[in-house]
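Undergrad: Input file: data.tsv. Contents: TSV, C-alpha atoms.
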chain	number	residue	atom	x	y	z
A	6	MET	CA	-35.82	-13.41	-8.97
A	7	ALA	CA	-32.90	-11.06	-9.57
A	8	TYR	CA	-31.84	-11.07	-13.21
A	9	VAL	CA	-28.16	-11.30	-13.95
A	10	TYR	CA	-26.46	-9.02	-16.43
A	11	GLN	CA	-26.34	-10.46	-19.95
A	12	PRO	CA	-24.52	-8.95	-22.97
A	13	LEU	CA	-27.83	-8.64	-24.87
A	14	LEU	CA	-29.15	-6.30	-22.18
A	15	SER	CA	-26.45	-3.78	-22.89
A	16	GLN	CA	-28.04	-0.35	-23.03
A	17	ILE	CA	-31.02	1.71	-21.94
A	18	GLY	CA	-31.85	4.73	-24.07
A	19	LEU	CA	-32.06	7.73	-21.77
A	20	GLY	CA	-32.89	10.46	-24.27
A	21	GLY	CA	-30.60	12.96	-22.50
A	22	LEU	CA	-32.54	12.79	-19.23
A	23	LYS	CA	-31.24	12.49	-15.68
A	24	LEU	CA	-30.25	9.13	-14.24
A	25	ASN	CA	-30.78	8.73	-10.50
A	26	VAL	CA	-29.05	5.62	-9.11
A	27	GLN	CA	-30.80	3.91	-6.18
A	28	LEU	CA	-29.48	0.68	-4.64
A	29	SER	CA	-32.18	-1.71	-3.46
A	30	LEU	CA	-33.26	-5.30	-3.77
A	31	GLU	CA	-36.99	-4.65	-3.35
A	32	ASN	CA	-39.85	-3.99	-5.76
A	33	TYR	CA	-38.04	-4.28	-9.04
A	34	VAL	CA	-39.08	-5.59	-12.44
A	35	HIS	CA	-37.08	-7.04	-15.27
A	36	SER	CA	-36.77	-4.96	-18.46
A	37	ASN	CA	-34.99	-5.45	-21.76
A	38	HIS	CA	-34.71	-2.33	-23.93
A	39	GLN	CA	-36.79	0.65	-22.82
A	40	ASN	CA	-37.33	3.84	-24.82
A	41	ILE	CA	-37.89	6.56	-22.24
A	42	SER	CA	-39.62	9.81	-23.15
A	43	SER	CA	-40.05	11.36	-19.68
A	44	PRO	CA	-37.81	12.03	-16.66
A	45	VAL	CA	-37.12	8.73	-14.92
A	46	SER	CA	-35.46	7.09	-11.98
A	47	VAL	CA	-33.58	3.94	-12.99
A	48	ARG	CA	-33.18	1.49	-10.11
A	49	ILE	CA	-30.11	-0.67	-10.52
A	50	HIS	CA	-29.15	-3.95	-8.80
A	51	TYR	CA	-25.65	-5.30	-9.23
A	52	LEU	CA	-23.60	-7.96	-7.48
A	53	ALA	CA	-20.08	-6.55	-7.83
A	54	GLY	CA	-18.21	-3.43	-8.83
A	55	ARG	CA	-19.02	0.24	-8.61
A	56	PRO	CA	-22.26	1.82	-9.75
A	57	PRO	CA	-22.16	1.69	-13.56
A	58	LYS	CA	-20.74	4.53	-15.60
A	59	TRP	CA	-22.79	6.43	-18.16
A	60	ARG	CA	-21.84	8.91	-20.84
A	61	LYS	CA	-23.51	11.93	-22.41
A	62	GLY	CA	-22.88	11.04	-26.04
A	63	GLY	CA	-25.66	8.97	-27.56
A	64	GLY	CA	-27.72	8.91	-24.38
A	65	ALA	CA	-26.68	5.34	-23.51
A	66	LEU	CA	-26.03	3.70	-20.17
A	67	CYS	CA	-23.09	1.29	-20.00
A	68	ARG	CA	-24.31	-1.62	-17.87
A	69	ASP	CA	-21.15	-3.36	-16.67
A	70	ASN	CA	-21.64	-5.54	-13.58
A	71	ILE	CA	-25.40	-4.91	-13.40
A	72	SER	CA	-27.49	-7.86	-12.27
A	73	SER	CA	-30.97	-6.30	-12.73
A	74	PHE	CA	-32.76	-2.99	-13.03
A	75	SER	CA	-36.19	-1.43	-12.97
A	76	ILE	CA	-37.82	1.69	-14.38
A	77	ASN	CA	-39.86	4.02	-12.17
A	78	VAL	CA	-41.24	7.33	-13.44
A	79	SER	CA	-40.38	10.32	-11.20
A	80	MET	CA	-39.42	13.94	-11.83
A	81	LYS	CA	-35.77	14.22	-10.73
A	82	GLY	CA	-34.12	17.22	-12.38
A	83	LEU	CA	-31.33	17.50	-14.90
A	84	GLU	CA	-28.80	15.09	-16.36
A	85	GLU	CA	-25.84	17.37	-15.56
A	86	GLN	CA	-26.37	17.01	-11.81
A	87	ALA	CA	-26.40	13.22	-12.09
A	88	LEU	CA	-23.18	13.24	-14.08
A	89	GLU	CA	-21.54	15.38	-11.39
A	90	ASP	CA	-22.72	12.96	-8.66
A	91	GLU	CA	-21.27	10.00	-10.54
A	92	SER	CA	-17.98	11.80	-11.13
A	93	GLY	CA	-17.68	12.62	-7.45
A	94	TYR	CA	-18.36	9.01	-6.47
A	95	GLN	CA	-15.66	7.71	-8.79
A	96	GLU	CA	-13.16	10.26	-7.49
A	97	ASP	CA	-13.84	9.13	-3.91
A	98	GLU	CA	-13.27	5.49	-4.84
A	99	GLU	CA	-10.10	6.15	-6.82
A	100	SER	CA	-8.57	8.53	-4.29
A	101	PHE	CA	-8.83	6.03	-1.44
A	102	PHE	CA	-5.34	4.85	-2.35
A	103	GLN	CA	-2.58	6.35	-4.48
A	104	ASP	CA	-1.11	4.17	-7.22
A	105	ILE	CA	2.57	3.40	-6.78
A	106	GLU	CA	3.22	4.60	-10.35
A	107	LEU	CA	2.87	8.17	-9.05
A	108	LEU	CA	6.46	7.74	-7.84
A	109	GLN	CA	7.65	8.13	-11.44
A	110	LYS	CA	7.00	11.86	-11.11
A	111	HIS	CA	9.50	11.92	-8.24
A	112	GLY	CA	12.37	10.22	-10.02
A	113	ILE	CA	11.65	6.52	-9.34
A	114	ASN	CA	12.07	4.43	-12.50
A	115	MET	CA	9.47	1.95	-13.74
A	116	ALA	CA	11.79	-1.05	-13.26
A	117	ASP	CA	11.97	-0.44	-9.51
A	118	ILE	CA	8.20	0.09	-9.33
A	119	LYS	CA	7.67	-3.31	-11.00
A	120	LYS	CA	9.94	-4.92	-8.40
A	121	LEU	CA	7.76	-3.49	-5.63
A	122	LYS	CA	4.59	-4.70	-7.35
A	123	SER	CA	6.06	-8.20	-7.62
A	124	VAL	CA	5.97	-8.49	-3.82
A	125	GLY	CA	2.45	-7.09	-3.48
A	126	ILE	CA	3.35	-3.44	-2.78
A	127	CYS	CA	1.12	-1.58	-5.23
A	128	THR	CA	0.26	1.69	-3.47
A	129	VAL	CA	2.10	4.64	-1.99
A	130	LYS	CA	0.62	3.83	1.40
A	131	GLY	CA	1.85	0.26	1.02
A	132	ILE	CA	5.43	1.55	0.94
A	133	GLN	CA	4.77	3.73	3.97
A	134	MET	CA	3.56	0.58	5.78
A	135	THR	CA	6.74	-1.37	4.92
A	136	THR	CA	10.01	-1.07	6.80
A	137	ARG	CA	13.28	-0.14	5.10
A	138	ARG	CA	14.76	-3.53	6.00
A	139	THR	CA	11.89	-5.35	4.27
A	140	LEU	CA	12.23	-3.17	1.17
A	141	CYS	CA	15.99	-3.86	1.05
A	142	ASN	CA	15.16	-7.59	0.92
A	143	VAL	CA	13.33	-7.05	-2.37
A	144	LYS	CA	15.57	-8.36	-5.12
A	145	GLY	CA	17.22	-5.50	-7.02
A	146	LEU	CA	16.58	-2.73	-4.46
A	147	SER	CA	19.69	-1.31	-2.77
A	148	GLU	CA	19.68	0.80	0.40
A	149	ALA	CA	20.23	3.93	-1.69
A	150	LYS	CA	17.21	3.11	-3.87
A	151	VAL	CA	15.06	2.38	-0.82
A	152	ASP	CA	16.02	5.71	0.75
A	153	LYS	CA	15.10	7.47	-2.49
A	154	ILE	CA	11.74	5.66	-2.63
A	155	LYS	CA	10.97	6.53	1.00
A	156	GLU	CA	11.86	10.16	0.32
A	157	ALA	CA	9.49	10.24	-2.66
A	158	VAL	CA	6.71	8.72	-0.55
A	159	GLY	CA	7.27	11.43	2.08
A	160	LYS	CA	6.51	14.05	-0.57
A	161	LEU	CA	3.24	12.35	-1.54
A	162	MET	CA	1.94	11.51	1.93
A	163	THR	CA	1.91	13.25	5.28
A	164	CYS	CA	3.21	11.08	8.09
A	165	GLY	CA	2.13	13.32	10.96
A	166	PHE	CA	-0.89	13.56	13.21
A	167	GLN	CA	-4.48	14.46	12.42
A	168	THR	CA	-7.31	15.57	14.66
A	169	ALA	CA	-10.01	13.16	15.79
A	170	SER	CA	-12.46	15.27	13.76
A	171	GLU	CA	-10.42	14.61	10.60
A	172	TYR	CA	-10.08	10.91	11.38
A	173	ILE	CA	-13.81	10.47	11.96
A	174	ILE	CA	-14.41	11.73	8.40
A	175	ARG	CA	-12.14	8.95	7.12
A	176	ARG	CA	-14.03	6.46	9.29
A	177	LYS	CA	-17.19	7.29	7.35
A	178	GLN	CA	-15.77	5.14	4.53
A	179	VAL	CA	-16.06	2.06	6.78
A	180	PHE	CA	-18.83	-0.34	5.76
A	181	HIS	CA	-20.33	-3.46	7.34
A	182	VAL	CA	-21.05	-6.81	5.69
A	183	THR	CA	-24.19	-8.46	7.06
A	184	THR	CA	-23.93	-11.92	8.60
A	185	GLY	CA	-27.43	-12.86	7.45
A	186	SER	CA	-28.81	-12.60	11.00
A	187	LEU	CA	-30.21	-9.33	12.35
A	188	GLU	CA	-29.38	-10.30	15.93
A	189	PHE	CA	-25.81	-11.19	15.00
A	190	ASP	CA	-25.46	-7.92	13.05
A	191	LYS	CA	-26.72	-5.98	16.06
A	192	LEU	CA	-24.10	-7.68	18.22
A	193	LEU	CA	-21.35	-6.57	15.80
A	194	GLY	CA	-22.67	-3.03	15.35
A	195	GLY	CA	-23.97	-3.66	11.83
A	196	GLY	CA	-21.97	-6.66	10.61
A	197	VAL	CA	-18.37	-7.55	9.79
A	198	GLU	CA	-16.49	-4.23	9.68
A	199	SER	CA	-14.13	-3.05	6.94
A	200	MET	CA	-10.61	-1.78	7.69
A	201	ALA	CA	-10.48	-4.34	10.51
A	202	ILE	CA	-9.84	-8.01	11.26
A	203	THR	CA	-12.81	-9.93	12.64
A	204	GLU	CA	-11.96	-13.31	14.18
A	205	ALA	CA	-14.52	-16.03	14.96
A	206	PHE	CA	-13.32	-18.92	17.10
A	207	GLY	CA	-15.03	-21.97	18.52
A	208	GLU	CA	-15.05	-25.76	18.62
A	209	PHE	CA	-15.94	-27.84	15.59
A	210	ARG	CA	-19.58	-27.62	14.49
A	211	THR	CA	-20.16	-24.16	15.98
A	212	GLY	CA	-20.82	-22.47	12.62
A	213	LYS	CA	-17.47	-20.85	11.74
A	214	THR	CA	-17.30	-22.19	8.18
A	215	GLN	CA	-21.06	-21.71	7.66
A	216	LEU	CA	-20.65	-18.06	8.64
A	217	ALA	CA	-17.77	-17.72	6.17
A	218	HIS	CA	-19.91	-19.20	3.36
A	219	THR	CA	-22.83	-16.90	4.19
A	220	LEU	CA	-20.55	-13.84	4.10
A	221	CYS	CA	-19.40	-14.90	0.60
A	222	VAL	CA	-22.95	-14.21	-0.60
A	223	THR	CA	-24.07	-11.33	1.61
A	224	ALA	CA	-20.90	-9.33	0.78
A	225	GLN	CA	-22.11	-9.22	-2.83
A	226	LEU	CA	-25.49	-7.69	-2.03
A	227	PRO	CA	-26.19	-3.95	-1.70
A	228	GLY	CA	-26.74	-2.98	1.92
A	229	GLU	CA	-27.37	-0.06	4.22
A	230	TYR	CA	-25.74	3.39	4.11
A	231	GLY	CA	-24.85	3.15	0.42
A	232	TYR	CA	-22.89	-0.11	0.62
A	233	SER	CA	-22.73	-1.32	-2.99
A	234	GLY	CA	-21.69	-4.95	-2.60
A	235	GLY	CA	-18.58	-6.44	-4.14
A	236	LYS	CA	-16.39	-9.45	-4.79
A	237	VAL	CA	-14.86	-11.82	-2.25
A	238	ILE	CA	-11.54	-13.67	-1.89
A	239	PHE	CA	-11.63	-16.95	0.05
A	240	ILE	CA	-8.37	-18.58	1.25
A	241	ASP	CA	-9.06	-22.14	2.39
A	242	SER	CA	-6.52	-23.91	4.62
A	243	GLU	CA	-8.75	-26.81	5.73
A	244	ASN	CA	-10.40	-27.89	2.45
A	245	THR	CA	-13.85	-26.93	3.76
A	246	PHE	CA	-14.96	-24.53	1.01
A	247	ARG	CA	-18.00	-25.83	-0.91
A	248	PRO	CA	-19.31	-23.80	-3.89
A	249	GLU	CA	-22.50	-25.90	-3.80
A	250	ARG	CA	-23.22	-24.38	-0.40
A	251	LEU	CA	-23.08	-20.90	-1.93
A	252	LYS	CA	-25.87	-21.91	-4.34
A	253	ASP	CA	-28.16	-22.82	-1.44
A	254	ILE	CA	-27.43	-19.49	0.26
A	255	ALA	CA	-27.94	-17.62	-3.04
A	256	ASP	CA	-31.41	-19.17	-3.32
A	257	ARG	CA	-32.33	-17.70	0.06
A	258	PHE	CA	-31.39	-14.19	-1.12
A	259	ASN	CA	-32.95	-14.74	-4.55
A	260	VAL	CA	-29.80	-14.08	-6.58
A	261	ASP	CA	-28.30	-15.90	-9.54
A	262	HIS	CA	-26.00	-18.87	-8.84
A	263	GLU	CA	-23.47	-18.19	-11.57
A	264	ALA	CA	-23.14	-14.51	-10.68
A	265	VAL	CA	-22.48	-15.37	-7.04
A	266	LEU	CA	-19.87	-18.02	-7.88
A	267	ASP	CA	-18.12	-15.79	-10.44
A	268	ASN	CA	-17.67	-13.09	-7.80
A	269	VAL	CA	-15.79	-15.36	-5.36
A	270	LEU	CA	-12.07	-15.95	-5.95
A	271	TYR	CA	-10.93	-19.15	-4.23
A	272	ALA	CA	-7.43	-20.35	-3.32
A	273	ARG	CA	-6.37	-23.47	-1.41
A	274	ALA	CA	-3.40	-22.89	0.91
A	275	TYR	CA	-1.20	-25.90	1.71
A	276	THR	CA	1.49	-24.45	3.99
A	277	SER	CA	1.84	-21.40	6.20
A	278	GLU	CA	4.41	-20.04	3.72
A	279	HIS	CA	1.98	-20.57	0.84
A	280	GLN	CA	-0.73	-18.79	2.84
A	281	MET	CA	1.60	-15.81	3.29
A	282	GLU	CA	2.51	-15.79	-0.42
A	283	LEU	CA	-1.18	-15.71	-1.36
A	284	LEU	CA	-1.47	-12.36	0.42
A	285	ASP	CA	0.85	-10.85	-2.22
A	286	PHE	CA	-1.67	-11.98	-4.86
A	287	VAL	CA	-4.53	-10.60	-2.75
A	288	ALA	CA	-2.91	-7.17	-2.51
A	289	ALA	CA	-2.22	-7.13	-6.27
A	290	LYS	CA	-5.83	-8.13	-7.03
A	291	PHE	CA	-7.28	-5.48	-4.71
A	292	HIS	CA	-5.12	-2.90	-6.47
A	293	GLU	CA	-5.94	-4.15	-9.98
A	294	GLU	CA	-9.69	-3.93	-9.34
A	295	GLY	CA	-9.77	-1.01	-6.91
A	296	GLY	CA	-13.04	-0.70	-4.99
A	297	VAL	CA	-14.45	-3.96	-6.40
A	298	PHE	CA	-13.38	-6.41	-3.68
A	299	LYS	CA	-15.04	-5.95	-0.31
A	300	LEU	CA	-14.17	-9.03	1.75
A	301	LEU	CA	-11.20	-11.35	2.40
A	302	ILE	CA	-11.89	-14.63	4.22
A	303	ILE	CA	-9.29	-17.02	5.65
A	304	ASP	CA	-10.68	-20.31	6.97
A	305	SER	CA	-8.78	-20.96	9.15
A	306	ILE	CA	-5.94	-18.65	10.08
A	307	MET	CA	-4.05	-21.05	12.39
A	308	ALA	CA	-4.59	-24.54	10.92
A	309	LEU	CA	-1.40	-24.58	8.83
A	310	PHE	CA	0.72	-22.99	11.56
A	311	ARG	CA	-0.26	-25.84	13.89
A	312	VAL	CA	1.04	-28.34	11.33
A	313	ASP	CA	4.20	-26.54	10.16
A	314	PHE	CA	5.46	-25.67	13.66
A	315	SER	CA	5.44	-28.24	16.44
A	316	GLY	CA	6.55	-28.17	20.06
A	317	ARG	CA	7.80	-25.37	22.26
A	318	GLY	CA	11.12	-25.30	20.42
A	319	GLU	CA	9.44	-23.81	17.32
A	320	LEU	CA	6.83	-21.73	19.17
A	321	ALA	CA	8.78	-18.46	19.01
A	322	GLU	CA	9.35	-18.79	15.26
A	323	ARG	CA	5.70	-19.70	14.71
A	324	GLN	CA	4.46	-16.66	16.61
A	325	GLN	CA	6.85	-14.38	14.73
A	326	LYS	CA	5.62	-15.67	11.35
A	327	LEU	CA	2.01	-15.38	12.54
A	328	ALA	CA	2.59	-11.80	13.67
A	329	GLN	CA	3.97	-10.91	10.24
A	330	MET	CA	0.93	-12.41	8.51
A	331	LEU	CA	-1.54	-10.64	10.78
A	332	SER	CA	0.30	-7.34	10.35
A	333	ARG	CA	0.05	-7.79	6.58
A	334	LEU	CA	-3.68	-8.53	6.83
A	335	GLN	CA	-4.32	-5.42	8.92
A	336	LYS	CA	-2.39	-3.24	6.48
A	337	ILE	CA	-4.27	-4.69	3.48
A	338	SER	CA	-7.63	-4.06	5.16
A	339	GLU	CA	-6.75	-0.40	5.83
A	340	GLU	CA	-4.97	0.15	2.52
A	341	TYR	CA	-7.88	-1.02	0.33
A	342	ASN	CA	-10.84	-0.57	2.70
A	343	VAL	CA	-11.88	-4.23	2.80
A	344	ALA	CA	-13.28	-6.39	5.58
A	345	VAL	CA	-11.08	-9.27	6.75
A	346	PHE	CA	-12.81	-12.26	8.36
A	347	VAL	CA	-10.77	-15.14	9.79
A	348	THR	CA	-11.81	-18.28	11.64
A	349	ASN	CA	-9.75	-19.86	14.41
A	350	GLN	CA	-9.58	-23.21	16.17
A	351	MET	CA	-9.66	-24.08	19.87
A	352	THR	CA	-7.24	-25.99	22.10
A	353	ALA	CA	-7.46	-27.53	25.55
A	354	ASP	CA	-5.87	-25.46	28.30
A	355	PRO	CA	-3.93	-27.83	30.61
A	356	GLY	CA	-3.68	-25.22	33.36
A	357	ALA	CA	-7.37	-24.31	33.38
A	358	GLY	CA	-8.21	-26.95	35.98
A	359	MET	CA	-6.01	-25.20	38.51
A	360	THR	CA	-7.98	-21.95	38.22
A	361	PHE	CA	-11.48	-23.53	38.30
A	362	GLN	CA	-12.42	-22.10	34.90
A	363	ALA	CA	-15.83	-23.18	33.61
A	364	ASP	CA	-14.48	-23.77	30.09
A	365	PRO	CA	-10.97	-25.29	29.93
A	366	LYS	CA	-10.62	-24.53	26.18
A	367	LYS	CA	-9.15	-21.43	24.60
A	368	PRO	CA	-8.48	-20.12	21.08
A	369	ILE	CA	-5.05	-20.90	19.67
A	370	GLY	CA	-2.62	-18.25	18.47
A	371	GLY	CA	-1.84	-16.83	21.89
A	372	HIS	CA	-1.49	-13.14	22.61
A	373	ILE	CA	-0.22	-12.40	19.09
A	374	LEU	CA	-3.56	-13.26	17.50
A	375	ALA	CA	-5.54	-11.82	20.41
A	376	HIS	CA	-3.94	-8.40	20.01
A	377	ALA	CA	-4.01	-8.40	16.20
A	378	SER	CA	-7.74	-9.14	15.85
A	379	THR	CA	-9.89	-6.01	16.00
A	380	THR	CA	-13.01	-7.90	17.03
A	381	ARG	CA	-13.05	-11.43	18.47
A	382	ILE	CA	-16.23	-13.51	18.46
A	383	SER	CA	-16.67	-16.66	20.52
A	384	LEU	CA	-19.06	-19.23	19.03
A	385	ARG	CA	-20.59	-22.13	20.94
A	386	LYS	CA	-23.26	-24.75	20.36
A	387	GLY	CA	-26.86	-24.36	21.45
A	388	ARG	CA	-29.87	-26.63	21.06
A	389	ALA	CA	-30.27	-28.32	17.65
A	390	GLU	CA	-29.34	-25.83	14.91
A	391	LEU	CA	-28.98	-22.90	17.33
A	392	ARG	CA	-25.59	-21.30	18.01
A	393	ILE	CA	-24.56	-18.55	20.43
A	394	ALA	CA	-22.14	-15.77	19.50
A	395	LYS	CA	-20.45	-13.67	22.16
A	396	ILE	CA	-18.27	-10.57	21.82
A	397	PHE	CA	-14.99	-11.72	23.33
A	398	ASP	CA	-13.03	-8.55	22.56
A	399	SER	CA	-13.90	-5.36	20.68
A	400	PRO	CA	-12.70	-1.73	20.74
A	401	ASP	CA	-16.21	-0.28	20.56
A	402	MET	CA	-18.84	-2.98	21.19
A	403	PRO	CA	-19.93	-4.09	24.69
A	404	GLU	CA	-19.58	-7.71	25.81
A	405	SER	CA	-22.86	-9.29	24.84
A	406	GLU	CA	-24.41	-12.39	23.26
A	407	ALA	CA	-26.68	-13.17	20.31
A	408	THR	CA	-28.40	-16.40	19.28
A	409	PHE	CA	-28.54	-17.39	15.61
A	410	ALA	CA	-29.42	-20.47	13.59
A	411	ILE	CA	-27.63	-22.45	10.89
A	412	THR	CA	-30.18	-23.06	8.14
A	413	ALA	CA	-30.18	-24.36	4.57
A	414	GLY	CA	-29.83	-20.73	3.49
A	415	GLY	CA	-26.84	-20.04	5.75
A	416	ILE	CA	-26.73	-18.01	8.94
A	417	ALA	CA	-30.15	-16.64	9.96
A	418	ASP	CA	-32.07	-15.40	12.97
A	419	ALA	CA	-33.19	-18.02	15.47
A	420	LYS	CA	-36.92	-18.75	15.37
A	421	ASP	CA	-38.84	-18.12	18.59
Please go through the file and, once you have read it, give me the structure as structure tokens.
TA:
Amino acid sequence: MAYVYQPLLSQIGLGGLKLNVQLSLENYVHSNHQNISSPVSVRIHYLAGRPPKWRKGGGALCRDNISSFSINVSMKGLEEQALEDESGYQEDEESFFQDIELLQKHGINMADIKKLKSVGICTVKGIQMTTRRTLCNVKGLSEAKVDKIKEAVGKLMTCGFQTASEYIIRRKQVFHVTTGSLEFDKLLGGGVESMAITEAFGEFRTGKTQLAHTLCVTAQLPGEYGYSGGKVIFIDSENTFRPERLKDIADRFNVDHEAVLDNVLYARAYTSEHQMELLDFVAAKFHEEGGVFKLLIIDSIMALFRVDFSGRGELAERQQKLAQMLSRLQKISEEYNVAVFVTNQMTADPGAGMTFQADPKKPIGGHILAHASTTRISLRKGRAELRIAKIFDSPDMPESEATFAITAGGIADAKD
């Protein structure tokens, strides 16, 4: 059983020795206070946030956001090297985005910066991603002020080209959130990808919401290639979110119920406009706790648009609003390096019978949603609890299928 961080378990005396952080969920023991008199490796398990900070003075480890830890004796070197490693990690996390307050050094006053933050623009890159016309619509910002802000952003960021070699280095920051099924992960190239929108569509009872609930838990667990785990935001448009379900899934992964629930921020969206407004809060939260949130889930992306816009007369307006929302989601995922997972509904295709298609149903949202989603997954029913996932569209994964099961512990591999 993974032990959750408690205030009483606040420090481990290190005696000035090196701390080597290893992320794992295997072979650990629970410890309270340990007096260490030889070089050690401290194995740390945490459910959200960055690896914990430690300080030289007093030889104490600050254990914020730690869920459990273990002590293993091993000769590892000097404390100074560990402190340098930690410093470098923090610099990488912090430098992923530039705070909008940097604009003060280029003549932008704090009042105008607060106006930008009020609409969810909290980073320098966020301004670069926003058009002048949109910025002029922010209350209190004139065209002259917007031009001055854009000029200041140009001094802080380069807007030109980069080589593929340089871009591939940036792509190394991409992580994958496991679905809970090895076969499903293999289909997706490791799991749900960050800095991208992953869409899962299918009929009712194909596992879309169950996959969303499973991701709420698996996103919090340390994974491969140094993935540290983090918090999740869940926007629910269909009233299908059930925290009790997260407890069942947490039991499967042997993690604490309260810790899992505390790391999921939930919001119920009632209209398409409300859903769009919630993205301003999402952007502000990702900025406030930089590097802590790893996944944004919207279940489902189109449900409210189907209600708020009806008939062909409102179709053009609906698609325009949808395009704006999807553009905002893509920018948020790239700006803060988070994974975005959305579910989508199906509709009957009246013209399918004329083309002799095997399946006359198609995902709603049209070409707007099809082009905006980085990876599209088609889900369909199998026998009993089995479901079949198929890559419908992806920039780097081949068209293929994987079979998985819906179990009491969430999405899992199908049993032979």
Undergrad: Excluding Ala321 (chain A) and residues on its chain fewer than 6 positions from it, collect all residues at most 12 Å away from it, counting all atoms listed in the file, and give them as a ChimeraX atom specification.
TA: /A:310,314-315,327-328,370-371,373
Undergrad: Got a sec: who's within 8 Å of region 132-146 of chain A, counting all atoms listed in the file, leaving out chain neighbours fewer than 6 positions off, as JSON, numbers by chain?
TA: {"A": [117, 120, 121, 124, 126, 152, 155, 158, 336]}
Undergrad: Report as a VMD selection string all protein, DNA and RNA residues lying within 12 Å of Gly159 (chain A), evaluated on all atoms listed in the file, omitting residues in the same chain fewer than 5 positions from it.
TA: chain A and resid 108 111 129 to 130 132 to 133 152 to 154 164 to 165
Undergrad: Which residue, A:Lys191, A:His181, A:Lys213, A:His372, has the smallest gap to Phe246 (chain A) when you use only C-alpha atoms?
TA: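 Among the listed residues, the smallest separation from Phe246 (chain A) belongs to A:Lys213.
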Undergrad: So, counting only C-alpha atoms, which residue among A:Thr245, A:Thr203, A:Gln329, A:Ser277 is closest to Ile382 (chain A)?
TA: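 Checking each candidate against Ile382 (chain A), we get A:Thr203 as the closest.
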Undergrad: Around (-28.5, -24.5, 11.4) in the file's frame, which residues reach within 6 Å when counting all atoms listed in the file? Return as a VMD selection string?
TA: chain A and resid 390 410 to 412
Undergrad: Could you tell me how far CA of Leu384 (chain A) sits from CA of Asp304 (chain A), in Å to one decimal place?
TA: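 That distance, rounded to one decimal, is 14.7 Å.
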Undergrad: Give the answer as one residue: which of A:Leu331, A:Glu243, A:Tyr341, A:Gly316 has the shortest atom-to-atom distance to Glu294 (chain A), using all atoms listed in the file?
TA: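 Once distances to Glu294 (chain A) are computed over all atoms listed in the file, the minimum belongs to A:Tyr341.
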Undergrad: How many Å lie between CA of Thr214 (chain A) and CA of Gly295 (chain A), rounded to one decimal?
TA: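 Answer for the CA of Thr214 (chain A) to CA of Gly295 (chain A) separation: 27.1 Å.
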Undergrad: Can you work out the spacing between CA of Phe239 (chain A) and CA of Leu192 (chain A) in Å, to one decimal?
TA: 23.9 Å
Undergrad: Do you know which residues are at most 12 Å from Ile240 (chain A) counting all atoms listed in the file, after dropping those on the same chain fewer than 4 positions away, and could you put them as an mmCIF file with C-alpha atoms, keeping the file's coordinate frame?
TA:
data_model
loop_
_atom_site.group_PDB
_atom_site.id
_atom_site.type_symbol
_atom_site.label_atom_id
_atom_site.label_comp_id
_atom_site.auth_asym_id
_atom_site.auth_seq_id
_atom_site.Cartn_x
_atom_site.Cartn_y
_atom_site.Cartn_z
ATOM 1 C CA THR A 214 -17.300 -22.190 8.180
ATOM 2 C CA ALA A 217 -17.770 -17.720 6.170
ATOM 3 C CA HIS A 218 -19.910 -19.200 3.360
ATOM 4 C CA CYS A 221 -19.400 -14.900 0.600
ATOM 5 C CA ASN A 244 -10.400 -27.890 2.450
ATOM 6 C CA THR A 245 -13.850 -26.930 3.760
ATOM 7 C CA PHE A 246 -14.960 -24.530 1.010
ATOM 8 C CA VAL A 269 -15.790 -15.360 -5.360
ATOM 9 C CA LEU A 270 -12.070 -15.950 -5.950
ATOM 10 C CA TYR A 271 -10.930 -19.150 -4.230
ATOM 11 C CA ALA A 272 -7.430 -20.350 -3.320
ATOM 12 C CA ARG A 273 -6.370 -23.470 -1.410
ATOM 13 C CA ALA A 274 -3.400 -22.890 0.910
ATOM 14 C CA TYR A 275 -1.200 -25.900 1.710
ATOM 15 C CA THR A 276 1.490 -24.450 3.990
ATOM 16 C CA SER A 277 1.840 -21.400 6.200
ATOM 17 C CA HIS A 279 1.980 -20.570 0.840
ATOM 18 C CA GLN A 280 -0.730 -18.790 2.840
ATOM 19 C CA MET A 281 1.600 -15.810 3.290
ATOM 20 C CA GLU A 282 2.510 -15.790 -0.420
ATOM 21 C CA LEU A 283 -1.180 -15.710 -1.360
ATOM 22 C CA LEU A 284 -1.470 -12.360 0.420
ATOM 23 C CA PHE A 286 -1.670 -11.980 -4.860
ATOM 24 C CA VAL A 287 -4.530 -10.600 -2.750
ATOM 25 C CA LEU A 300 -14.170 -9.030 1.750
ATOM 26 C CA LEU A 301 -11.200 -11.350 2.400
ATOM 27 C CA ILE A 302 -11.890 -14.630 4.220
ATOM 28 C CA ILE A 303 -9.290 -17.020 5.650
ATOM 29 C CA ASP A 304 -10.680 -20.310 6.970
ATOM 30 C CA SER A 305 -8.780 -20.960 9.150
ATOM 31 C CA ILE A 306 -5.940 -18.650 10.080
ATOM 32 C CA ALA A 308 -4.590 -24.540 10.920
ATOM 33 C CA LEU A 309 -1.400 -24.580 8.830
ATOM 34 C CA VAL A 345 -11.080 -9.270 6.750
ATOM 35 C CA PHE A 346 -12.810 -12.260 8.360
ATOM 36 C CA VAL A 347 -10.770 -15.140 9.790
ATOM 37 C CA THR A 348 -11.810 -18.280 11.640
#
